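What follows is entry_16.cif (mmCIF, C-alpha atoms).
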```
data_my_file
loop_
_atom_site.label_atom_id
_atom_site.label_comp_id
_atom_site.auth_asym_id
_atom_site.auth_seq_id
_atom_site.Cartn_x
_atom_site.Cartn_y
_atom_site.Cartn_z
CA MET A 168 -26.16 33.77 71.20
CA HIS A 169 -23.64 36.60 71.22
CA VAL A 170 -20.06 35.41 71.68
CA GLY A 171 -17.04 37.63 72.11
CA VAL A 172 -13.28 37.04 72.12
CA TYR A 173 -11.08 39.57 73.87
CA GLY A 174 -7.62 39.76 72.28
CA SER A 175 -6.52 40.39 68.70
CA GLY A 176 -3.01 38.99 69.09
CA TYR A 177 -1.91 35.44 68.33
CA LEU A 178 -4.22 33.58 70.70
CA GLY A 179 -7.25 35.83 70.11
CA CYS A 180 -6.92 35.64 66.32
CA VAL A 181 -6.79 31.85 66.38
CA VAL A 182 -9.70 31.47 68.82
CA SER A 183 -12.01 33.99 67.14
CA ALA A 184 -11.35 32.65 63.64
CA CYS A 185 -11.82 29.01 64.61
CA LEU A 186 -14.98 29.66 66.65
CA SER A 187 -16.51 31.59 63.75
CA ASP A 188 -15.65 28.64 61.51
CA PHE A 189 -18.10 26.62 63.63
CA GLY A 190 -20.83 28.76 62.05
CA MET A 191 -21.59 31.25 64.83
CA PRO A 192 -21.14 35.04 64.79
CA ILE A 193 -18.07 36.13 66.74
CA THR A 194 -16.92 39.59 67.77
CA CYS A 195 -13.19 39.84 68.37
CA PHE A 196 -12.37 42.98 70.33
CA ASP A 197 -9.33 44.62 71.85
CA GLU A 198 -8.27 47.96 73.30
CA ASP A 199 -5.35 48.13 70.88
CA PHE A 200 -7.09 50.03 68.07
CA ASN A 201 -4.21 49.77 65.59
CA ARG A 202 -3.91 46.02 65.98
CA VAL A 203 -7.68 45.50 65.65
CA ALA A 204 -7.78 47.76 62.59
CA ALA A 205 -4.99 45.76 60.93
CA VAL A 206 -6.67 42.39 61.48
CA ALA A 207 -10.03 43.84 60.40
CA GLN A 208 -8.47 44.28 56.94
CA GLY A 209 -8.10 40.50 56.78
CA VAL A 210 -4.34 40.62 57.25
CA VAL A 211 -3.01 38.51 60.13
CA PRO A 212 0.18 40.23 61.40
CA PHE A 213 2.05 36.98 62.02
CA TYR A 214 2.53 33.68 60.21
CA GLU A 215 0.39 30.74 61.31
CA ARG A 216 -0.40 28.01 58.82
CA ASN A 217 -3.97 28.22 57.40
CA LEU A 218 -5.07 30.98 59.79
CA GLN A 219 -5.32 33.86 57.33
CA GLU A 220 -7.55 31.78 55.05
CA VAL A 221 -9.91 31.00 57.96
CA VAL A 222 -10.02 34.68 59.00
CA ARG A 223 -10.83 35.90 55.49
CA ARG A 224 -13.40 33.18 54.85
CA ASN A 225 -15.39 34.05 57.97
CA MET A 226 -15.07 37.79 57.45
CA ARG A 227 -16.56 37.35 53.96
CA ALA A 228 -19.38 35.28 55.45
CA GLY A 229 -20.09 38.03 57.98
CA ARG A 230 -19.51 35.72 60.94
CA LEU A 231 -16.28 37.34 62.16
CA ILE A 232 -16.22 41.02 62.99
CA TYR A 233 -13.70 43.15 64.85
CA ALA A 234 -14.27 46.00 67.31
CA SER A 235 -12.12 48.24 69.49
CA GLY A 236 -12.68 48.95 73.17
CA ILE A 237 -14.31 46.80 75.84
CA ALA A 238 -17.60 48.22 77.09
CA SER A 239 -19.62 48.30 73.88
CA PRO A 240 -18.76 44.87 72.42
CA ALA A 241 -18.79 43.10 75.81
CA SER A 242 -22.24 44.48 76.70
CA LYS A 243 -23.78 42.47 73.85
CA CYS A 244 -22.18 39.14 74.79
CA GLU A 245 -23.42 36.20 76.84
CA VAL A 246 -19.96 34.67 76.89
CA VAL A 247 -16.54 36.26 76.35
CA PHE A 248 -13.36 34.26 75.88
CA ILE A 249 -10.32 36.07 77.33
CA ALA A 250 -7.57 35.20 74.86
CA GLN A 251 -4.85 37.81 75.22
CA ASP A 252 -1.26 36.72 74.70
CA SER A 253 0.06 37.72 78.11
CA ALA A 254 -1.09 36.87 81.62
CA ALA A 255 -0.12 40.40 82.68
CA GLU A 256 -3.22 42.29 83.83
CA VAL A 257 -5.47 39.45 82.67
CA GLU A 258 -7.50 39.65 85.89
CA GLU A 259 -8.02 43.39 85.43
CA VAL A 260 -9.06 42.95 81.79
CA ALA A 261 -11.42 40.08 82.65
CA ALA A 262 -12.98 42.12 85.46
CA ARG A 263 -13.59 45.04 83.10
CA VAL A 264 -15.11 42.73 80.50
CA ALA A 265 -17.39 41.17 83.13
CA GLY A 266 -18.37 44.60 84.40
CA ALA A 267 -19.64 45.52 80.93
CA MET A 268 -21.69 42.32 80.55
CA ARG A 269 -25.28 42.05 81.77
CA LYS A 270 -24.93 38.37 82.63
CA GLY A 271 -23.11 35.31 81.38
CA PHE A 272 -19.63 33.84 81.56
CA VAL A 273 -16.04 34.99 81.23
CA VAL A 274 -13.85 32.14 79.98
CA LEU A 275 -10.12 32.38 80.75
CA MET A 276 -8.12 30.93 77.85
CA THR A 277 -4.94 32.92 78.42
CA PRO A 278 -2.44 30.68 80.28
CA VAL A 279 -2.52 31.93 83.87
CA PRO A 280 -0.96 30.77 87.15
CA VAL A 281 -2.93 28.43 89.41
CA GLY A 282 -5.30 30.46 91.59
CA THR A 283 -6.02 33.21 89.06
CA ALA A 284 -9.59 32.15 88.25
CA LYS A 285 -10.51 31.72 91.90
CA ARG A 286 -9.28 35.22 92.73
CA LEU A 287 -11.18 36.66 89.79
CA GLU A 288 -14.33 34.79 90.77
CA ALA A 289 -14.15 36.20 94.29
CA ARG A 290 -13.65 39.68 92.90
CA LEU A 291 -16.64 39.38 90.58
CA HIS A 292 -18.81 37.94 93.35
CA ASP A 293 -18.49 41.27 95.18
CA THR A 294 -19.09 43.46 92.11
CA VAL A 295 -20.68 41.59 89.17
CA SER A 296 -22.92 38.90 90.63
CA LYS A 297 -24.43 37.76 87.30
CA VAL A 298 -21.15 36.91 85.57
CA SER A 299 -19.29 33.68 86.38
CA VAL A 300 -15.75 32.55 85.56
CA VAL A 301 -14.73 29.45 83.61
CA SER A 302 -11.17 28.21 83.19
CA GLN A 303 -10.50 26.74 79.77
CA PRO A 304 -6.79 26.35 79.09
CA LEU A 305 -5.92 25.70 75.47
CA PHE A 306 -3.27 23.31 74.19
CA LEU A 307 -2.29 24.90 70.89
CA THR A 308 1.02 24.44 69.15
CA ASP A 309 2.50 27.23 67.04
CA GLY A 310 2.46 26.22 63.40
CA CYS A 311 -0.56 23.93 63.74
CA ALA A 312 -2.81 25.97 66.05
CA VAL A 313 -5.81 25.84 63.68
CA GLU A 314 -5.59 22.06 63.49
CA ASP A 315 -5.11 21.77 67.27
CA PHE A 316 -8.20 23.93 67.92
CA ASN A 317 -10.35 21.91 65.53
CA TRP A 318 -9.04 18.49 66.56
CA PRO A 319 -8.30 18.77 70.30
CA ASP A 320 -7.55 15.78 72.51
CA ARG A 321 -10.04 17.12 75.07
CA ILE A 322 -12.02 20.18 76.12
CA LEU A 323 -11.09 21.08 79.69
CA LEU A 324 -13.50 23.25 81.69
CA GLY A 325 -12.82 24.51 85.21
CA THR A 326 -16.17 25.52 86.65
CA SER A 327 -18.84 24.61 89.20
CA SER A 328 -21.63 25.95 86.99
CA GLY A 329 -23.77 23.44 85.13
CA ASP A 330 -25.17 26.28 83.01
CA ALA A 331 -21.64 27.18 81.88
CA VAL A 332 -20.94 23.58 80.88
CA GLN A 333 -24.15 23.37 78.84
CA LEU A 334 -23.51 26.70 77.13
CA LEU A 335 -19.93 25.83 76.22
CA LYS A 336 -20.96 22.40 74.96
CA GLN A 337 -23.39 24.21 72.68
CA ILE A 338 -20.59 26.47 71.39
CA TYR A 339 -18.31 23.47 70.89
CA ARG A 340 -21.08 21.30 69.45
CA PRO A 341 -19.10 20.38 66.28
CA LEU A 342 -16.34 18.98 68.49
CA VAL A 343 -18.66 17.34 71.04
CA MET A 344 -20.61 15.62 68.26
CA ARG A 345 -17.31 14.30 66.92
CA GLY A 346 -16.67 12.64 70.28
CA VAL A 347 -14.09 15.03 71.77
CA PRO A 348 -14.22 14.38 75.55
CA VAL A 349 -15.30 17.24 77.83
CA ILE A 350 -13.60 17.16 81.24
CA VAL A 351 -15.20 19.29 83.95
CA THR A 352 -13.17 20.03 87.05
CA ASN A 353 -12.39 22.90 89.42
CA HIS A 354 -10.40 26.01 88.51
CA GLU A 355 -7.16 24.95 90.15
CA THR A 356 -7.05 21.57 88.43
CA ALA A 357 -7.78 23.06 85.01
CA GLU A 358 -5.02 25.65 85.46
CA LEU A 359 -2.58 23.02 86.72
CA VAL A 360 -3.26 20.66 83.79
CA ARG A 361 -1.89 23.29 81.41
CA GLU A 362 1.36 23.76 83.35
CA ALA A 363 1.75 20.04 84.05
CA SER A 364 1.31 19.24 80.35
CA THR A 365 4.06 21.69 79.40
CA ALA A 366 6.33 20.25 82.10
CA PHE A 367 5.72 16.68 80.95
CA LEU A 368 6.55 17.54 77.33
CA ALA A 369 9.70 19.37 78.48
CA THR A 370 10.71 16.23 80.36
CA LYS A 371 10.06 14.03 77.33
CA ILE A 372 12.09 16.32 75.05
CA SER A 373 14.97 16.45 77.51
CA PHE A 374 14.88 12.68 77.96
CA ILE A 375 15.33 11.95 74.24
CA ASN A 376 18.12 14.53 74.02
CA GLU A 377 19.96 12.87 76.90
CA LEU A 378 19.61 9.51 75.18
CA ALA A 379 20.76 11.03 71.88
CA ASN A 380 23.98 12.03 73.63
CA LEU A 381 24.40 8.45 74.83
CA CYS A 382 23.66 7.05 71.36
CA GLU A 383 26.67 8.86 69.94
CA LYS A 384 28.92 7.15 72.48
CA VAL A 385 27.66 3.59 71.98
CA ASN A 386 27.13 3.46 68.20
CA ALA A 387 23.32 3.62 68.46
CA ASP A 388 20.92 5.68 66.33
CA ALA A 389 18.68 8.12 68.23
CA VAL A 390 16.23 8.48 65.34
CA ASP A 391 15.53 4.74 65.24
CA LEU A 392 15.48 4.69 69.04
CA ALA A 393 12.87 7.47 69.14
CA LEU A 394 10.77 5.71 66.50
CA ALA A 395 10.79 2.44 68.43
CA LEU A 396 9.99 4.16 71.73
CA GLY A 397 7.19 6.22 70.21
CA LEU A 398 5.43 3.15 68.81
CA ASP A 399 4.91 2.00 72.38
CA LYS A 400 1.34 3.13 73.18
CA LYS A 401 2.39 3.96 76.74
CA ILE A 402 4.95 6.48 75.42
CA ALA A 403 3.63 7.84 72.06
CA PRO A 404 5.83 9.51 69.41
CA ARG A 405 5.11 13.20 69.94
CA CYS A 406 8.02 15.27 71.27
CA LEU A 407 10.53 12.44 70.86
CA THR A 408 12.72 14.33 68.40
CA PRO A 409 16.47 14.35 69.09
CA GLY A 410 17.94 17.85 68.78
CA ALA A 411 14.68 19.69 69.42
CA GLY A 412 14.40 22.04 72.37
CA MET A 413 11.37 23.20 74.33
CA GLY A 414 10.12 26.43 72.76
CA GLY A 415 7.04 28.49 72.14
CA ALA A 416 5.48 31.69 73.43
CA PHE A 417 3.98 30.19 76.58
CA ALA A 418 6.31 27.29 77.43
CA GLU A 419 8.83 29.12 79.61
CA ALA A 420 6.06 31.07 81.37
CA ASP A 421 4.23 27.80 82.15
CA LEU A 422 7.38 26.25 83.61
CA ASP A 423 8.20 29.38 85.63
CA SER A 424 4.67 29.47 87.01
CA LEU A 425 4.79 25.79 87.96
CA ALA A 426 8.16 26.25 89.68
CA GLN A 427 6.83 29.20 91.70
CA LEU A 428 3.72 27.27 92.67
CA ALA A 429 5.80 24.32 93.85
CA MET A 430 8.12 26.61 95.82
CA SER A 431 5.20 28.33 97.54
CA GLY A 432 3.79 24.93 98.47
CA GLY A 433 7.12 23.61 99.72
CA VAL A 434 7.25 20.94 97.00
CA SER A 435 10.40 20.00 95.10
CA LEU A 436 9.85 19.20 91.40
CA ARG A 437 13.26 17.64 90.80
CA ILE A 438 12.39 15.92 87.52
CA VAL A 439 11.03 19.13 86.03
CA GLU A 440 14.06 21.14 87.14
CA ALA A 441 16.40 18.52 85.67
CA ALA A 442 14.48 18.66 82.38
CA ARG A 443 14.78 22.45 82.27
CA GLU A 444 18.52 22.23 82.89
CA VAL A 445 18.94 19.76 80.01
CA ASN A 446 16.98 22.10 77.76
CA ARG A 447 19.17 25.07 78.78
CA THR A 448 22.38 23.21 77.93
CA LEU A 449 21.20 21.89 74.55
CA SER A 450 22.58 24.83 72.56
CA ASP A 451 26.02 24.43 74.13
CA ARG A 452 26.03 20.71 73.33
CA LEU A 453 25.18 21.42 69.70
CA ALA A 454 27.79 24.17 69.56
CA ASP A 455 30.39 21.67 70.83
CA LYS A 456 29.37 19.30 68.04
CA ILE A 457 29.73 22.00 65.38
CA ASP A 458 33.01 23.23 66.89
CA LYS A 459 34.43 19.72 66.54
CA ALA A 460 33.10 19.32 62.99
CA VAL A 461 34.69 22.58 61.70
CA GLU A 462 37.84 22.19 63.84
CA SER A 463 37.24 25.30 65.99
CA LEU A 464 34.49 27.85 65.46
CA ARG A 465 36.64 30.93 65.88
CA GLY A 466 36.74 32.83 62.62
CA LYS A 467 34.62 30.26 60.78
CA GLY A 468 31.59 31.14 58.67
CA LEU A 469 28.39 29.17 59.10
CA GLY A 470 25.15 29.17 57.13
CA LEU A 471 22.18 28.73 59.47
CA LEU A 472 18.91 27.46 58.02
CA GLY A 473 15.84 28.18 60.15
CA LEU A 474 15.31 30.69 62.95
CA SER A 475 11.74 30.05 64.15
CA PHE A 476 11.31 27.73 67.10
CA LYS A 477 9.55 25.19 64.87
CA PRO A 478 8.27 24.94 61.27
CA ASN A 479 5.12 26.70 60.00
CA THR A 480 5.32 29.65 62.37
CA ASN A 481 7.28 32.88 62.51
CA SER A 482 7.52 32.71 66.30
CA THR A 483 11.08 32.74 67.64
CA ALA A 484 10.04 32.55 71.31
CA GLY A 485 12.27 29.98 72.99
CA SER A 486 13.82 29.07 69.64
CA SER A 487 16.61 26.51 70.04
CA SER A 488 17.99 27.78 66.72
CA LEU A 489 18.42 31.30 68.12
CA MET A 490 19.99 29.94 71.31
CA LEU A 491 22.39 27.92 69.16
CA ALA A 492 23.19 31.01 67.08
CA ARG A 493 24.13 32.94 70.22
CA SER A 494 26.37 30.08 71.39
CA LEU A 495 28.08 29.92 68.00
CA MET A 496 28.72 33.68 67.91
CA ASP A 497 30.02 33.62 71.48
CA ARG A 498 32.66 31.18 70.23
CA GLY A 499 33.72 33.45 67.40
CA ALA A 500 31.67 32.16 64.47
CA MET A 501 30.21 34.44 61.79
CA LEU A 502 26.68 33.61 60.66
CA ARG A 503 24.68 33.91 57.48
CA ALA A 504 21.05 33.01 58.19
CA TRP A 505 17.82 32.34 56.34
CA ASP A 506 14.30 31.40 57.37
CA PRO A 507 11.16 31.27 55.18
CA VAL A 508 9.16 33.63 57.46
CA ALA A 509 10.91 34.40 60.76
CA ILE A 510 13.73 36.82 59.82
CA PRO A 511 11.93 40.00 61.03
CA GLU A 512 11.25 38.42 64.44
CA ALA A 513 14.78 37.03 64.67
CA LYS A 514 16.30 40.47 64.00
CA GLN A 515 14.59 41.76 67.14
CA GLN A 516 16.15 39.04 69.31
CA LEU A 517 19.41 38.02 67.69
CA LEU A 518 22.06 40.70 67.93
CA GLY A 519 25.60 40.25 66.67
CA ASP A 520 27.53 39.30 63.57
CA VAL A 521 24.61 37.90 61.54
CA HIS A 522 23.97 38.49 57.86
CA TYR A 523 20.35 37.75 56.96
CA CYS A 524 19.93 36.26 53.51
CA ASP A 525 17.11 35.95 51.00
CA SER A 526 17.59 32.24 50.30
CA ALA A 527 19.18 29.08 51.64
CA TYR A 528 21.74 29.25 48.85
CA ALA A 529 22.82 32.77 49.82
CA ALA A 530 23.23 31.54 53.40
CA ALA A 531 25.49 28.70 52.22
CA GLU A 532 27.69 30.72 49.88
CA GLY A 533 31.32 30.79 50.98
CA MET A 534 30.61 29.21 54.38
CA ASP A 535 32.62 26.54 56.17
CA ALA A 536 29.48 24.54 57.01
CA LEU A 537 25.71 24.59 56.66
CA VAL A 538 23.71 24.15 59.88
CA VAL A 539 20.04 23.13 59.95
CA GLY A 540 18.53 24.92 62.97
CA THR A 541 14.78 24.49 62.35
CA GLY A 542 13.05 21.54 60.73
CA TRP A 543 11.28 23.35 57.88
CA PRO A 544 10.22 20.55 55.45
CA GLU A 545 11.15 22.65 52.40
CA PHE A 546 14.81 22.31 53.39
CA ARG A 547 14.60 18.70 52.19
CA ALA A 548 13.85 19.90 48.65
CA LEU A 549 16.94 22.12 48.32
CA ASP A 550 19.36 21.57 45.44
CA PHE A 551 22.22 20.06 47.42
CA SER A 552 24.45 19.79 44.37
CA LYS A 553 24.28 23.59 44.18
CA ILE A 554 24.83 23.91 47.92
CA LYS A 555 27.91 21.72 47.67
CA ARG A 556 29.37 24.05 45.04
CA LEU A 557 28.59 27.11 47.17
CA LEU A 558 30.12 25.88 50.45
CA LYS A 559 33.84 26.14 51.10
CA ARG A 560 33.72 22.51 52.12
CA PRO A 561 30.87 19.99 51.92
CA LEU A 562 29.88 19.91 55.58
CA ILE A 563 26.29 19.83 56.88
CA VAL A 564 25.38 19.75 60.57
CA ASP A 565 21.73 18.76 60.86
CA THR A 566 20.57 19.56 64.40
CA LYS A 567 17.05 18.27 63.62
CA ASN A 568 17.99 15.06 61.75
CA LEU A 569 15.79 16.41 58.97
CA LEU A 570 17.80 15.51 55.88
CA ASP A 571 18.58 12.21 54.18
CA ALA A 572 21.98 11.42 55.66
CA GLU A 573 22.74 8.48 53.34
CA ARG A 574 21.95 10.48 50.19
CA LEU A 575 24.07 13.43 51.30
CA ARG A 576 27.02 11.21 52.16
CA THR A 577 26.71 9.54 48.76
CA MET A 578 26.88 13.02 47.21
CA GLY A 579 30.17 13.60 49.03
CA PHE A 580 28.98 15.61 52.02
CA HIS A 581 30.30 15.14 55.50
CA TYR A 582 26.97 14.86 57.31
CA VAL A 583 26.68 15.27 61.09
CA GLY A 584 23.36 14.54 62.82
CA VAL A 585 22.26 14.40 66.44
CA GLY A 586 22.41 11.10 68.31
CA ARG A 587 23.69 9.30 65.24
CA ALA A 588 26.99 7.48 65.35
#
```
Target encoding structure tokens, full file:
Amino acid sequence: MHVGVYGSGYLGCVVSACLSDFGMPITCFDEDFNRVAAVAQGVVPFYERNLQEVVRRNMRAGRLIYASGIASPASKCEVVFIAQDSAAEVEEVAARVAGAMRKGFVVLMTPVPVGTAKRLEARLHDTVSKVSVVSQPLFLTDGCAVEDFNWPDRILLGTSSGDAVQLLKQIYRPLVMRGVPVIVTNHETAELVREASTAFLATKISFINELANLCEKVNADAVDLALALGLDKKIAPRCLTPGAGMGGAFAEADLDSLAQLAMSGGVSLRIVEAAREVNRTLSDRLADKIDKAVESLRGKGLGLLGLSFKPNTNSTAGSSSLMLARSLMDRGAMLRAWDPVAIPEAKQQLLGDVHYCDSAYAAAEGMDALVVGTGWPEFRALDFSKIKRLLKRPLIVDTKNLLDAERLRTMGFHYVGVGRA
């Protein structure tokens, strides 16, 4: 079986590498020659935990190859996964891929608005009768995308073709044999599941942040609250982290698409809109907290640890740390910042009075406070005795409740968390 993946960006690199790790030959192709050429050297142009190892392992085994263009690689494939990073022109790309195939299936993995697959299917019916469309939205999280692909909660297929289901079950045999459920539905439901999942997680994140605000007023602890709530099987612990915002490359696009769909259908999604508003105001709430801790931000220097939207990725898309940085600078603060991998991406988005440092200690030196903006686990292992000597005053604002508050207070720090009295 010849399998292709269109897209050599983030999504395409993850999909092609993980599929080839199942033991089948995969051709990853793209019209961006320079990007394909770079990945074909075994160098992934972004940081994603474990991905580069998977790419290199399968390239050495001869299972993962890269090609430029569309017509030649697509003509050899029975199934092509469309895994470009943007929904822009995805229908046009998918139609061109299908036009180059003799027969088979085009599988839409790129997050697309509801109705996209149906329109594409109608278009192909008039021009490429032997190629069918399957919707297969992915639920990958930046920083653990390889693990999410290999250990999914479910495989969701939007199709009316029994042949497509059988073929895809064969491709995903390692997962099916492990007992991963395969849900088969129509295109619209499959597309809506993706957007609804994002909206539900946004609601859950906003909910715990609202309660964290209440905890500070009533002498409760939001971390213990989240732990207790998450142990309830009806609720589950994921995305119950006080201080975290909704981020990621596709999150805002999913929510925008869902809002537009609801508007066109005359439906009011009040809970989702409320959740988005809470998420938008999170950076201002955190800035208020820091302003109070340093007794006015104007003219103060702050060391900011972490710029990516979450640990183990260099993605800054929707990063609550960057939004917080902008709020702090708007109030007159001067920033020194450090992140293990995301500084180049942050420089493209964060403009203003920011000095980018080569270590956490350089970011702390001479500052009025140290702010934890992203929950990188290596921040826990820092030498806080050294940091205390470097800071003007021993003040840490931990927006992710990452650090050991009791230990830091014992060391003489003034520690400020989120949702903690």
(request) Can you work out the spacing between CA of Pro278 (chain A) and CA of Phe417 (chain A) in Å, to one decimal? (result)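 Between CA of Pro278 (chain A) and CA of Phe417 (chain A) the gap works out to 7.4 Å.
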(request) Identify, on the basis of all atoms listed in the file, every residue whose closest approach to Ser552 (chain A) does not exceed 10 Å; exclude the query and any residue fewer than 2 positions from it along the same chain; express the result as a ChimeraX atom specification. (result) /A:549-550,554-557,561,575,578-580
(message) Please determine, counting only C-alpha atoms, which residue among A:Ala369, A:Ile338, A:Leu381, A:Met534 has the shortest atom-to-atom distance to Arg447 (chain A).
(response) A:Ala369
(message) I'd like the interatomic distance between CA of Asp315 (chain A) and CA of Ala442 (chain A), to a tenth of an Å.
(response) 24.9 Å
(request) Provide the CA of Arg547 (chain A) to CA of Gly499 (chain A) distance in Å, to one decimal place. (result)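 According to the coordinates, CA of Arg547 (chain A) and CA of Gly499 (chain A) are separated by 28.5 Å.
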(message) as a list of chain:residue names, please: the residues near Asn317 (chain A) (cut-off 8 Å, all atoms listed in the file, same-chain neighbours under 2 positions excluded).
(response)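 In the requested format, the answer is A:Cys185, A:Val313, A:Glu314, A:Asp315, A:Pro319, A:Leu342.
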(message) the PyMOL selection byres ((chain A and resi 510) around 10) - which residues does that actually catch in the file I just gave you? List them as a ChimeraX atom specification.
(response) /A:473-475,481-483,504-509,511-515,517,523-525
(request) Expand the PyMOL selection byres ((chain A and resi 500) around 8) into the individual residues it matches in the shown file, reporting them as a VMD selection string. (result) chain A and resid 464 to 469 495 to 499 501 to 502
(request) For the structure shown, which residues end up in the PyMOL selection byres ((chain A and resi 412) around 6)? Put them as a list of chain:residue names, please? (result)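 This file, filtered by the PyMOL selection byres ((chain A and resi 412) around 6), leaves A:Ala411, A:Met413, A:Asn446, A:Ser487.
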